[in-house]
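As structure tokens, the structure follows; a few thoughts come after it.
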Amino acid sequence: MLDKILCIDDDPITLMLCKKVVERVEFAKEIIIANNGEEAINYFDNLFKERMDDDTIIYPKLVLLDLNMPVMDGWEFLETYISRNYHNIFDSTRFIVLSSSIDPYDINRSKTYPIIGFLSKPVTKAMLENLKPQFS
């Protein structure tokens, strides 16, 4: 079981389902929610500040990321995350894109980022069961 995961999505129903399925499958002890990429970057900014004082801070090992969101979309989030060097600081964090459409362009573009998977919404029990071995 993971200590923390972060789910980034602008749809409250998707976030609620994500939280329920993660809890039901006992995939993570804590589920952090962000409504857009900007909230997620603010979360990592705060983690970075905390980590400067305490390098034992527990951070998400998995981020479930929507691509199409207002304020800051998934691509902008990834660009900002990388530009702030968080991919090296939080080096064991992995990303899985959750999208309502599987666009070949998005799948190809995702290969240029630290993304380990591209799944269609909504997150399901079977999806998480299949991911468990990667995070055990």
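Ordering of the structure tokens sets the chain letters (A, B, ...), residue numbers begin anew at 1 in every chain, and ligands are numbered from 1 in the order given.
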With only C-alpha atoms as the counted atoms, please give the residues lying no more than 9 Å from region 27-31 of chain A, apart from itself and same-chain residues fewer than 5 positions off, as a compact mmCIF listing (two decimals) with N, CA and C atoms, in the first residue's frame.
```txt
# COMPACT_ATOMS: atom_id res chain seq x y z
N MET A 1 0.85 -1.18 0.00
CA MET A 1 0.00 0.00 0.00
C MET A 1 0.89 1.24 0.00
N LEU A 2 0.55 2.18 -0.87
CA LEU A 2 1.28 3.45 -0.91
C LEU A 2 0.89 4.32 0.27
N ASP A 3 1.82 5.17 0.70
CA ASP A 3 1.49 6.13 1.76
C ASP A 3 0.57 7.21 1.25
N LYS A 4 0.90 7.77 0.07
CA LYS A 4 0.12 8.87 -0.49
C LYS A 4 0.03 8.76 -2.00
N ILE A 5 -1.12 9.17 -2.53
CA ILE A 5 -1.24 9.43 -3.96
C ILE A 5 -1.90 10.80 -4.11
N LEU A 6 -1.69 11.38 -5.26
CA LEU A 6 -2.30 12.67 -5.60
C LEU A 6 -3.16 12.47 -6.82
N CYS A 7 -4.41 12.91 -6.74
CA CYS A 7 -5.32 12.84 -7.88
C CYS A 7 -5.63 14.28 -8.31
N CYS A 18 -12.43 8.44 -7.65
CA CYS A 18 -11.03 8.09 -7.45
C CYS A 18 -10.76 7.79 -5.98
N LYS A 19 -11.22 8.69 -5.13
CA LYS A 19 -11.00 8.52 -3.69
C LYS A 19 -11.67 7.24 -3.18
N VAL A 21 -12.56 4.47 -4.87
CA VAL A 21 -11.94 3.26 -5.41
C VAL A 21 -10.59 3.02 -4.74
N VAL A 22 -9.80 4.06 -4.55
CA VAL A 22 -8.49 3.91 -3.90
C VAL A 22 -8.68 3.38 -2.48
N PRO A 60 3.75 11.91 -2.42
CA PRO A 60 3.05 10.93 -3.25
C PRO A 60 3.99 10.18 -4.17
N LEU A 128 -6.53 -0.34 -10.56
CA LEU A 128 -5.65 -0.23 -9.40
C LEU A 128 -5.06 -1.57 -9.00
N GLU A 129 -5.85 -2.61 -9.12
CA GLU A 129 -5.32 -3.96 -8.82
C GLU A 129 -4.16 -4.28 -9.74
N LYS A 132 -1.00 -2.34 -8.55
CA LYS A 132 -0.43 -2.67 -7.23
C LYS A 132 0.97 -3.28 -7.29
```
Worksheet item: If you run DSSP on this backbone, which residues of region 37-120 of chain A come out as alpha helix (DSSP H), and could you give them as number ranges by chain?
Response: A: 37-53, 74-83, 86-89, 104-110
Practice prompt. For Ile57 (chain A), list every protein, DNA or RNA residue within 9 Å, evaluated using only C-alpha atoms, and leave out those in the same chain fewer than 5 positions away; present the list as a VMD selection string.
Written response: chain A and resid 47 50 to 51
Using the selection just defined, write its residues with N, CA and C atoms as a PDB file, in the first residue's frame.
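Result went into result_27.pdb, see below:
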```pdb
ATOM      1  N   LEU A  47       5.398  20.988  -0.251  1.00  0.00           N
ATOM      2  CA  LEU A  47       6.192  19.805   0.090  1.00  0.00           C
ATOM      3  C   LEU A  47       7.685  20.106  -0.002  1.00  0.00           C
ATOM      4  N   GLU A  50       8.751  22.049   3.014  1.00  0.00           N
ATOM      5  CA  GLU A  50       8.803  21.163   4.183  1.00  0.00           C
ATOM      6  C   GLU A  50      10.013  20.246   4.112  1.00  0.00           C
ATOM      7  N   ARG A  51      10.305  19.768   2.920  1.00  0.00           N
ATOM      8  CA  ARG A  51      11.416  18.837   2.738  1.00  0.00           C
ATOM      9  C   ARG A  51      12.762  19.507   3.009  1.00  0.00           C
TER      10      ARG A  51
END
```
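Reported to one decimal place, the separation of CA of Asn35 (chain A) from CA of Thr14 (chain A) is 10.4 Å.
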Fill in: Exercise: Leu67 (chain A) partners within 8 Å, only C-alpha atoms, chain neighbours under 2 positions left out, as a PyMOL selection string
chain A and resi 65+69+73-75+97-99
Worksheet entry | Residues within 12 Å of region 37-46 of chain A, only C-alpha atoms, excluding chain neighbours under 4 positions, as JSON, numbers by chain | {"A": [5, 6, 7, 8, 9, 10, 32, 33, 50, 51, 52, 53, 57, 58, 59, 60, 63, 64, 65, 66, 67, 68, 69, 70, 71, 72, 73, 74, 75, 76, 77, 78, 79, 80, 81, 82, 83, 84, 85, 86, 87, 89, 90, 93]}
Worksheet item: Which residue, A:Asn130, A:Ser136, A:Ser110, A:Ser92, has the smallest gap to Leu62 (chain A) when you use only C-alpha atoms?
Response: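 Nearest to Leu62 (chain A): A:Ser92.
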Practice prompt. Enter the distance from CA of Ser100 (chain A) to CA of Asn88 (chain A), in Å, rounded to one decimal.
Written response: 29.2 Å
Discussion item. Would you compute the distance between CA of Ala34 (chain A) and CA of Asp11 (chain A)? Give it in Å to one decimal.
Written reply: 10.1 Å
Worksheet item: Nearest to Ser101 (chain A) among A:Ile115, A:Asp55, A:Pro12, A:Pro122, with distances taken over only C-alpha atoms: which residue is it?
Response: A:Pro122
